[in-house]
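Peer 1: Before I ask anything, here is the structure I am working with.
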Amino acid sequence: LYVENGLNPGDVPEFDSHPTLIDDVINDGYGEFGSSADHWRWESNIESVDVDGDRDLDLVVGIPSRFASTRYGEVVIYVNNGSGTFSRLPQVINPYQNNSSNIYGVCGVAAADFDGDGDVDFFVGSANSRNIYYYRNNAGTFANVNQKTITIPNSHGSCTYLRQGDVDNDGDADMVLATDGWTANPPGGYVYWIANDGTATFTLNPIPTSGAQVSSSGDLDSGAIGDFDGDDDLDFFVADGNDSRNCYFFMNDLLPTYVDRGVVYSKNRVPCDFIISDNAIVSATIHVQENKPSRTDIQYFLSNSDDENGNPLWEGPVTPGVEWEFENPGDFLRWRAVFTSSDETVTPRVLSISIDYKYIGKREYSRTSHALTMAEVDGSHAGEEEVLYSASFEFPKWKGHLRSWNVTDLNLTYNRGSQLEEIRDVGAEFVADAGVI
């Protein structure tokens with residue numbers, strides 16, 4: 001035990017240079033903290049938690065080594081008196097019995113109030129077994145509950161990392177698990193989060209959801225769980241310490257609380273600004289693939305123009321599969337979906353969206369004021385350019401615009417008569433639009 005020297009908040013921590021010995025696990029036959037890799041492996045077999053409910057941290061220690069003689073595979077519980085002095089509980093807990101074929105005992109420990117009765121229970125896993133065993137706290141005595149045993153799927157390895165945390169933010173303790181396939185149930189390298197329903201009944205959820213192997217080496221040895229990105233939900237790392245030496249980060253995208261309404265928007269699906277398109281959107285039909293459980297709903301809206309504040313002018317709700325005619329021809333096409341639910345256990349989902357649309361041709365007419373001047377509008381060109389300022393109006397909206405065009409390099413053929421040409425077709429370059437008049 002390394003004791004911090006009681007500095008003030010914000011100071012750099014200082015620890016005693018000589019740790020306090022809690023127990024001699026070598027001479028007691030409980031295992032070995034020696035330098036040999038076969039004697040003491042993995043880091044998730046020691047858990048600090050308030051076992052006896054006296055508001056200080058105790059220890060749950062799994063013994064992983066077969067060199068621990070008759071105490072191989074046991075779980076040892078050390079109770080803290082509140083000042084850093086620990087005493088061992090006398091109960092013998094041995095989920096993984098020693099035999100000549102087993103190399104490792106307890107390699108992962110997760111401790112929390114899994115059944116919601118107010119005291120701390122624990123799960124243990126082993127690199128030599130597919131089974132993760134549950135021990136329920138009965139007034140300070142721990143009993144194995146066989147029907148709560150979690151079994152790792154066939155050919156997905158055995159437990160080398162196990163930790164608890166409320167992964168789905170529903171108020172109870174879940175777990176994360178990583179596997180190794182070197183000694184049992186090969187190959188390993190798989191990752192799961194294990195959902196608790198609040199009564200210590202768990203469901204294995206593979207990560208990724210496809211169930212694909214995370215580490216192609218088949219080896220994962222350690223990890224860490226915590227809110228690493230500061231968004232109020234738990235993320236975690238797992239690492240391969242032997243083969244690939246890769247570390248994998250799993251970011252939890254869970255919202256911190258359940259919300260009964262959510263909105264998603266698209267970006268512009270069809271950019272129809274006059275300068276880059278001759279089309280004006282007049283109608284659209286939205287097609288969706290969705291999943292709407294009972295007591296949920298999704299409403300859809302479409303927009304083809306902005307309001308006076310520059311925000312999309314939404315029209316609808318629109319019915320999927322039914323053509324929607326816009327109030328006015330528009331410059332772009334966007335969609336919005338509004339999700340609602342009256343049941344916090346279910347969530348509606350949109351799987352895909354596609355849109356069919358109709359448009360008419362746009363035209364702009366310049367029969368009002370024009371001015372030609374010299375100004376520097378092209379930084380890549382030395383000197384000033386010939387700039388045409390043009391007041392115009394457009395069809396079909398009949399809105400006026402004041403635009404500027406670089407007409408330095410027009411490719412018009414000299415003609416004493418009038419010529420009506422599309423300004424972009426004869427080499428004019430658009431510079432700026434002062435906005436709708």
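Here, A, B, ... name the chains of the structure tokens in the order displayed, residue numbers run from 1 inside each chain, and ligands are numbered from 1 in the same displayed order.
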Which neighbours of stretch 124-137 of chain A fall inside 6 Å, counting only C-alpha atoms, when residues of the same chain fewer than 2 positions from it are skipped, and could you give them as a list in words?
Peer 2: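 Contacts, in chain order: Tyr104, Gly105, Val106, Cys107, Gly108, Val109, Asp121, Phe122, Gly140, Thr141, Phe142, Ala143, Asn144, Val145, Thr149, Ile150, Thr151, Ile152, Ser158, Cys159, Thr160, Thr183 and Ala184 of chain A.
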Peer 1: Would you mind exporting C-alpha atoms of the selected residues as an mmCIF file, in the first residue's frame?
Peer 2:
```cif
data_model
loop_
_atom_site.group_PDB
_atom_site.id
_atom_site.type_symbol
_atom_site.label_atom_id
_atom_site.label_comp_id
_atom_site.auth_asym_id
_atom_site.auth_seq_id
_atom_site.Cartn_x
_atom_site.Cartn_y
_atom_site.Cartn_z
ATOM 1 C CA TYR A 104 -4.250 -19.629 -14.319
ATOM 2 C CA GLY A 105 -6.884 -18.984 -11.689
ATOM 3 C CA VAL A 106 -8.739 -15.686 -11.152
ATOM 4 C CA CYS A 107 -7.622 -13.175 -13.800
ATOM 5 C CA GLY A 108 -10.475 -10.652 -13.644
ATOM 6 C CA VAL A 109 -12.580 -9.211 -10.791
ATOM 7 C CA ASP A 121 -21.170 -8.452 -4.798
ATOM 8 C CA PHE A 122 -18.541 -9.571 -7.300
ATOM 9 C CA GLY A 140 -20.807 -10.351 4.675
ATOM 10 C CA THR A 141 -20.680 -13.948 3.433
ATOM 11 C CA PHE A 142 -20.324 -14.543 -0.293
ATOM 12 C CA ALA A 143 -22.254 -17.300 -2.055
ATOM 13 C CA ASN A 144 -21.862 -18.468 -5.641
ATOM 14 C CA VAL A 145 -25.137 -18.227 -7.611
ATOM 15 C CA THR A 149 -22.968 -17.588 -14.381
ATOM 16 C CA ILE A 150 -22.014 -15.786 -17.594
ATOM 17 C CA THR A 151 -20.539 -18.002 -20.328
ATOM 18 C CA ILE A 152 -18.291 -16.548 -23.030
ATOM 19 C CA SER A 158 -11.508 -16.579 -21.951
ATOM 20 C CA CYS A 159 -11.544 -13.727 -19.442
ATOM 21 C CA THR A 160 -8.401 -11.635 -19.009
ATOM 22 C CA THR A 183 -5.079 -21.104 -22.751
ATOM 23 C CA ALA A 184 -8.792 -21.770 -23.338
#
```
Peer 1: When you look at A:Asp166 with a cut-off of 9 Å (counting only C-alpha atoms), what residues show up, excluding the ones that are within fewer than 6 positions of it in the same chain? I need them as a list of chain:residue names.
Peer 2: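 That gives A:Asp172, A:Ala173, A:Asp174, A:Met175, A:Ala195, A:Asn196, A:Asp233, A:Leu234.
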Peer 1: Contacts of A:Leu59 at 9 Å or less, counting only C-alpha atoms, minus same-chain residues fewer than 5 places along, as a ChimeraX atom specification?
Peer 2: /A:46-51,76-80,86
Peer 1: Might you pull out every residue within 8 Å of A:Trp335, with only C-alpha atoms counted and same-chain residues fewer than 2 positions away left off, and present them as an mmCIF file with N, CA, C and O atoms, in the first residue's frame?
Peer 2:
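Below is the file out-v6.cif, written as the result:
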```
data_model
loop_
_atom_site.group_PDB
_atom_site.id
_atom_site.type_symbol
_atom_site.label_atom_id
_atom_site.label_comp_id
_atom_site.auth_asym_id
_atom_site.auth_seq_id
_atom_site.Cartn_x
_atom_site.Cartn_y
_atom_site.Cartn_z
ATOM 1 N N TYR A 265 -31.147 16.907 -38.697
ATOM 2 C CA TYR A 265 -31.262 17.698 -39.928
ATOM 3 C C TYR A 265 -30.295 17.158 -40.966
ATOM 4 O O TYR A 265 -29.272 16.569 -40.640
ATOM 5 N N SER A 266 -30.622 17.430 -42.214
ATOM 6 C CA SER A 266 -29.657 17.153 -43.280
ATOM 7 C C SER A 266 -28.935 18.432 -43.650
ATOM 8 O O SER A 266 -29.383 19.538 -43.329
ATOM 9 N N TYR A 300 -41.603 14.105 -40.442
ATOM 10 C CA TYR A 300 -40.624 14.589 -41.409
ATOM 11 C C TYR A 300 -41.047 15.949 -41.960
ATOM 12 O O TYR A 300 -42.240 16.226 -42.151
ATOM 13 N N PHE A 301 -40.043 16.795 -42.242
ATOM 14 C CA PHE A 301 -40.271 18.127 -42.781
ATOM 15 C C PHE A 301 -39.279 18.359 -43.912
ATOM 16 O O PHE A 301 -38.183 17.769 -43.928
ATOM 17 N N LEU A 302 -39.666 19.216 -44.863
ATOM 18 C CA LEU A 302 -38.807 19.551 -45.994
ATOM 19 C C LEU A 302 -38.658 21.065 -46.092
ATOM 20 O O LEU A 302 -39.530 21.820 -45.657
ATOM 21 N N SER A 303 -37.551 21.491 -46.659
ATOM 22 C CA SER A 303 -37.312 22.917 -46.876
ATOM 23 C C SER A 303 -36.601 23.102 -48.205
ATOM 24 O O SER A 303 -35.704 22.324 -48.548
ATOM 25 N N LEU A 333 -32.510 21.903 -51.155
ATOM 26 C CA LEU A 333 -33.417 20.882 -50.639
ATOM 27 C C LEU A 333 -32.811 20.286 -49.376
ATOM 28 O O LEU A 333 -31.681 19.798 -49.387
ATOM 29 N N ALA A 337 -36.041 15.407 -39.426
ATOM 30 C CA ALA A 337 -36.838 14.354 -38.786
ATOM 31 C C ALA A 337 -36.947 14.664 -37.297
ATOM 32 O O ALA A 337 -35.941 14.975 -36.649
#
```
Peer 1: Within stretch 213-350 of chain A, find each residue whose DSSP state, derived from the backbone, is strand (DSSP E or B), and express the selection as a tab-separated table (two decimals) with N, CA, C and O atoms, in the first residue's frame.
Peer 2:
```tsv
chain	number	residue	atom	x	y	z
A	222	SER	N	-5.42	-6.34	-20.76
A	222	SER	CA	-5.68	-5.36	-19.72
A	222	SER	C	-6.57	-4.26	-20.26
A	222	SER	O	-6.92	-4.25	-21.45
A	223	GLY	N	-6.95	-3.30	-19.41
A	223	GLY	CA	-7.80	-2.22	-19.86
A	223	GLY	C	-8.04	-1.20	-18.76
A	223	GLY	O	-7.49	-1.29	-17.66
A	224	ALA	N	-8.87	-0.23	-19.06
A	224	ALA	CA	-9.24	0.81	-18.11
A	224	ALA	C	-10.58	1.38	-18.53
A	224	ALA	O	-10.84	1.55	-19.73
A	225	ILE	N	-11.45	1.67	-17.55
A	225	ILE	CA	-12.78	2.21	-17.83
A	225	ILE	C	-12.94	3.54	-17.12
A	225	ILE	O	-12.47	3.72	-16.00
A	226	GLY	N	-13.57	4.52	-17.80
A	226	GLY	CA	-13.79	5.84	-17.22
A	226	GLY	C	-14.36	6.77	-18.26
A	226	GLY	O	-14.43	6.45	-19.46
A	235	ASP	N	-16.41	5.36	-21.13
A	235	ASP	CA	-15.65	4.80	-22.24
A	235	ASP	C	-14.67	3.77	-21.66
A	235	ASP	O	-14.54	3.64	-20.44
A	236	PHE	N	-13.94	3.06	-22.52
A	236	PHE	CA	-12.92	2.17	-21.97
A	236	PHE	C	-11.85	1.83	-23.00
A	236	PHE	O	-12.06	1.98	-24.20
A	237	PHE	N	-10.70	1.44	-22.47
A	237	PHE	CA	-9.57	0.96	-23.26
A	237	PHE	C	-9.39	-0.54	-23.00
A	237	PHE	O	-9.67	-1.03	-21.90
A	238	VAL	N	-8.89	-1.26	-23.99
A	238	VAL	CA	-8.33	-2.59	-23.78
A	238	VAL	C	-7.02	-2.66	-24.56
A	238	VAL	O	-6.83	-1.93	-25.53
A	239	ALA	N	-6.13	-3.53	-24.12
A	239	ALA	CA	-4.79	-3.56	-24.73
A	239	ALA	C	-4.29	-4.99	-24.83
A	239	ALA	O	-4.61	-5.85	-24.01
A	247	CYS	N	-3.33	-0.87	-28.41
A	247	CYS	CA	-4.29	-0.41	-27.42
A	247	CYS	C	-5.52	0.10	-28.16
A	247	CYS	O	-5.39	0.87	-29.11
A	248	TYR	N	-6.71	-0.33	-27.74
A	248	TYR	CA	-7.94	-0.01	-28.44
A	248	TYR	C	-8.84	0.83	-27.53
A	248	TYR	O	-9.05	0.48	-26.37
A	249	PHE	N	-9.37	1.95	-28.08
A	249	PHE	CA	-10.23	2.85	-27.31
A	249	PHE	C	-11.66	2.73	-27.83
A	249	PHE	O	-11.91	2.83	-29.03
A	250	PHE	N	-12.61	2.53	-26.90
A	250	PHE	CA	-14.02	2.43	-27.26
A	250	PHE	C	-14.75	3.62	-26.64
A	250	PHE	O	-14.93	3.70	-25.42
A	261	ARG	N	-37.64	13.63	-26.90
A	261	ARG	CA	-37.77	14.25	-28.21
A	261	ARG	C	-36.38	14.55	-28.77
A	261	ARG	O	-35.51	15.03	-28.04
A	262	GLY	N	-36.17	14.23	-30.02
A	262	GLY	CA	-34.90	14.51	-30.66
A	262	GLY	C	-35.11	14.94	-32.10
A	262	GLY	O	-36.10	14.55	-32.74
A	263	VAL	N	-34.20	15.76	-32.63
A	263	VAL	CA	-34.33	16.30	-33.98
A	263	VAL	C	-33.00	16.10	-34.72
A	263	VAL	O	-31.93	16.35	-34.16
A	264	VAL	N	-33.09	15.66	-35.97
A	264	VAL	CA	-31.90	15.57	-36.83
A	264	VAL	C	-32.19	16.32	-38.13
A	264	VAL	O	-33.35	16.39	-38.58
A	265	TYR	N	-31.15	16.91	-38.70
A	265	TYR	CA	-31.26	17.70	-39.93
A	265	TYR	C	-30.30	17.16	-40.97
A	265	TYR	O	-29.27	16.57	-40.64
A	279	ASN	N	-31.71	25.43	-61.81
A	279	ASN	CA	-32.92	24.73	-61.39
A	279	ASN	C	-33.51	25.34	-60.13
A	279	ASN	O	-32.79	25.78	-59.24
A	280	ALA	N	-34.83	25.35	-60.04
A	280	ALA	CA	-35.55	25.79	-58.84
A	280	ALA	C	-36.46	24.65	-58.39
A	280	ALA	O	-37.31	24.18	-59.16
A	281	ILE	N	-36.28	24.18	-57.15
A	281	ILE	CA	-37.04	23.05	-56.63
A	281	ILE	C	-38.48	23.48	-56.36
A	281	ILE	O	-38.73	24.47	-55.67
A	282	VAL	N	-39.46	22.73	-56.92
A	282	VAL	CA	-40.86	23.08	-56.73
A	282	VAL	C	-41.64	22.03	-55.94
A	282	VAL	O	-42.68	22.34	-55.35
A	283	SER	N	-41.16	20.78	-55.90
A	283	SER	CA	-41.84	19.74	-55.12
A	283	SER	C	-40.85	18.64	-54.80
A	283	SER	O	-39.79	18.51	-55.44
A	284	ALA	N	-41.18	17.82	-53.80
A	284	ALA	CA	-40.30	16.72	-53.41
A	284	ALA	C	-41.10	15.62	-52.74
A	284	ALA	O	-42.15	15.88	-52.13
A	285	THR	N	-40.62	14.39	-52.86
A	285	THR	CA	-41.21	13.22	-52.20
A	285	THR	C	-40.13	12.52	-51.40
A	285	THR	O	-39.09	12.14	-51.96
A	286	ILE	N	-40.35	12.39	-50.10
A	286	ILE	CA	-39.37	11.75	-49.23
A	286	ILE	C	-39.72	10.28	-49.05
A	286	ILE	O	-40.90	9.92	-48.89
A	287	HIS	N	-38.73	9.42	-49.15
A	287	HIS	CA	-38.89	7.98	-48.95
A	287	HIS	C	-38.01	7.56	-47.78
A	287	HIS	O	-36.82	7.94	-47.73
A	288	VAL	N	-38.56	6.80	-46.85
A	288	VAL	CA	-37.80	6.45	-45.64
A	288	VAL	C	-37.92	4.96	-45.35
A	288	VAL	O	-38.92	4.32	-45.69
A	289	GLN	N	-36.89	4.44	-44.72
A	289	GLN	CA	-36.94	3.16	-44.03
A	289	GLN	C	-36.74	3.47	-42.55
A	289	GLN	O	-35.76	4.12	-42.17
A	290	GLU	N	-37.68	3.04	-41.73
A	290	GLU	CA	-37.67	3.45	-40.33
A	290	GLU	C	-38.11	2.30	-39.44
A	290	GLU	O	-38.69	1.30	-39.91
A	291	ASN	N	-37.84	2.46	-38.15
A	291	ASN	CA	-38.27	1.50	-37.13
A	291	ASN	C	-38.96	2.30	-36.03
A	291	ASN	O	-38.30	3.04	-35.29
A	296	THR	N	-43.94	5.37	-30.03
A	296	THR	CA	-42.95	6.28	-30.61
A	296	THR	C	-43.47	6.83	-31.93
A	296	THR	O	-44.42	6.28	-32.51
A	297	ASP	N	-42.87	7.91	-32.40
A	297	ASP	CA	-43.29	8.50	-33.67
A	297	ASP	C	-42.11	9.24	-34.30
A	297	ASP	O	-41.17	9.65	-33.59
A	298	ILE	N	-42.16	9.39	-35.62
A	298	ILE	CA	-41.19	10.20	-36.37
A	298	ILE	C	-41.98	11.06	-37.35
A	298	ILE	O	-42.79	10.54	-38.12
A	299	GLN	N	-41.76	12.37	-37.34
A	299	GLN	CA	-42.36	13.27	-38.30
A	299	GLN	C	-41.27	13.89	-39.17
A	299	GLN	O	-40.17	14.16	-38.69
A	300	TYR	N	-41.60	14.11	-40.44
A	300	TYR	CA	-40.62	14.59	-41.41
A	300	TYR	C	-41.05	15.95	-41.96
A	300	TYR	O	-42.24	16.23	-42.15
A	301	PHE	N	-40.04	16.80	-42.24
A	301	PHE	CA	-40.27	18.13	-42.78
A	301	PHE	C	-39.28	18.36	-43.91
A	301	PHE	O	-38.18	17.77	-43.93
A	302	LEU	N	-39.67	19.22	-44.86
A	302	LEU	CA	-38.81	19.55	-45.99
A	302	LEU	C	-38.66	21.06	-46.09
A	302	LEU	O	-39.53	21.82	-45.66
A	303	SER	N	-37.55	21.49	-46.66
A	303	SER	CA	-37.31	22.92	-46.88
A	303	SER	C	-36.60	23.10	-48.20
A	303	SER	O	-35.70	22.32	-48.55
A	306	ASP	N	-34.83	29.65	-47.38
A	306	ASP	CA	-34.58	30.20	-46.06
A	306	ASP	C	-35.65	31.21	-45.68
A	306	ASP	O	-36.30	31.82	-46.54
A	312	PRO	N	-33.55	27.57	-42.42
A	312	PRO	CA	-34.42	26.83	-43.34
A	312	PRO	C	-35.89	27.09	-43.02
A	312	PRO	O	-36.31	27.08	-41.85
A	315	GLU	N	-41.42	23.16	-44.14
A	315	GLU	CA	-42.80	22.92	-44.50
A	315	GLU	C	-43.16	21.49	-44.14
A	315	GLU	O	-42.36	20.57	-44.25
A	316	GLY	N	-44.39	21.29	-43.69
A	316	GLY	CA	-44.82	19.96	-43.30
A	316	GLY	C	-45.54	19.98	-41.97
A	316	GLY	O	-45.94	21.04	-41.48
A	317	PRO	N	-45.74	18.81	-41.32
A	317	PRO	CA	-45.08	17.54	-41.64
A	317	PRO	C	-45.52	16.95	-42.98
A	317	PRO	O	-46.66	17.12	-43.39
A	318	VAL	N	-44.59	16.26	-43.62
A	318	VAL	CA	-44.85	15.63	-44.90
A	318	VAL	C	-45.00	14.14	-44.70
A	318	VAL	O	-44.44	13.56	-43.77
A	324	TRP	N	-44.85	16.43	-52.03
A	324	TRP	CA	-45.12	17.69	-51.33
A	324	TRP	C	-44.77	18.85	-52.26
A	324	TRP	O	-43.66	18.93	-52.77
A	325	GLU	N	-45.75	19.75	-52.48
A	325	GLU	CA	-45.53	20.92	-53.31
A	325	GLU	C	-45.17	22.11	-52.42
A	325	GLU	O	-45.92	22.46	-51.51
A	326	PHE	N	-44.02	22.70	-52.69
A	326	PHE	CA	-43.57	23.83	-51.89
A	326	PHE	C	-44.39	25.09	-52.20
A	326	PHE	O	-44.91	25.24	-53.31
A	327	GLU	N	-44.46	25.98	-51.22
A	327	GLU	CA	-45.19	27.22	-51.41
A	327	GLU	C	-44.55	28.08	-52.50
A	327	GLU	O	-45.24	28.77	-53.25
A	328	ASN	N	-43.23	28.06	-52.58
A	328	ASN	CA	-42.51	28.84	-53.59
A	328	ASN	C	-41.38	28.00	-54.15
A	328	ASN	O	-40.86	27.10	-53.48
A	329	PRO	N	-40.95	28.26	-55.39
A	329	PRO	CA	-39.75	27.59	-55.91
A	329	PRO	C	-38.55	27.90	-55.01
A	329	PRO	O	-38.46	28.98	-54.43
A	330	GLY	N	-37.64	26.95	-54.88
A	330	GLY	CA	-36.56	27.11	-53.92
A	330	GLY	C	-35.18	26.90	-54.48
A	330	GLY	O	-34.99	26.41	-55.60
A	334	ARG	N	-33.58	20.34	-48.29
A	334	ARG	CA	-33.14	19.77	-47.01
A	334	ARG	C	-34.29	18.99	-46.38
A	334	ARG	O	-35.47	19.25	-46.69
A	335	TRP	N	-33.95	18.06	-45.48
A	335	TRP	CA	-34.98	17.35	-44.72
A	335	TRP	C	-34.68	17.44	-43.23
A	335	TRP	O	-33.55	17.66	-42.80
A	336	ARG	N	-35.74	17.29	-42.43
A	336	ARG	CA	-35.63	17.26	-40.97
A	336	ARG	C	-36.53	16.15	-40.45
A	336	ARG	O	-37.64	15.94	-40.95
A	337	ALA	N	-36.04	15.41	-39.43
A	337	ALA	CA	-36.84	14.35	-38.79
A	337	ALA	C	-36.95	14.66	-37.30
A	337	ALA	O	-35.94	14.97	-36.65
A	338	VAL	N	-38.17	14.58	-36.76
A	338	VAL	CA	-38.43	14.83	-35.34
A	338	VAL	C	-38.87	13.52	-34.70
A	338	VAL	O	-39.90	12.94	-35.08
A	339	PHE	N	-38.07	13.04	-33.73
A	339	PHE	CA	-38.33	11.77	-33.06
A	339	PHE	C	-39.02	12.05	-31.72
A	339	PHE	O	-38.57	12.92	-30.96
A	340	THR	N	-40.05	11.29	-31.38
A	340	THR	CA	-40.70	11.40	-30.08
A	340	THR	C	-40.98	10.02	-29.53
A	340	THR	O	-41.16	9.05	-30.29
A	341	SER	N	-41.00	9.92	-28.19
A	341	SER	CA	-41.29	8.66	-27.53
A	341	SER	C	-41.91	8.93	-26.17
A	341	SER	O	-41.48	9.83	-25.45
A	349	ARG	N	-36.06	4.78	-34.89
A	349	ARG	CA	-34.83	4.92	-35.67
A	349	ARG	C	-35.16	5.13	-37.14
A	349	ARG	O	-36.12	4.56	-37.66
A	350	VAL	N	-34.35	5.95	-37.80
A	350	VAL	CA	-34.39	6.09	-39.26
A	350	VAL	C	-33.23	5.30	-39.83
A	350	VAL	O	-32.08	5.52	-39.46
```
Peer 1: Using only C-alpha atoms, can you tell me which of A:Asp221, A:Asp180, A:Asp117, A:Glu385 comes closest to A:Asn45?
Peer 2: A:Asp221
Peer 1: Suppose you want the space between atom CA of A:Glu429 and atom CA of A:Val407; what is it in Å?
Peer 2: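 A separation of 6.7 Å between them.
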Peer 1: Suppose you want the space between atom CA of A:Thr179 and atom CA of A:Gly198; what is it in Å?
Peer 2: 24.4 Å
Peer 1: Find, counting only C-alpha atoms, the residue in A:Asp378, A:Asp56, A:Asp197, A:Asp240 that gets nearest to A:Ser215.
Peer 2: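 Closest to A:Ser215, using only C-alpha atoms: A:Asp240.
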Peer 1: So how far away is atom CA of A:Asp219 from atom CA of A:Thr201, in Å?
Peer 2: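 It comes out at 27.4 Å.
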Peer 1: Do you know which residues are at most 9 Å from A:Pro208 counting only C-alpha atoms, after dropping those on the same chain fewer than 5 positions away, and could you put them as a list in words?
Peer 2: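 Skipping anything fewer than 5 positions along the chain leaves Val191, Tyr192, Gln213 and Val214 of chain A.
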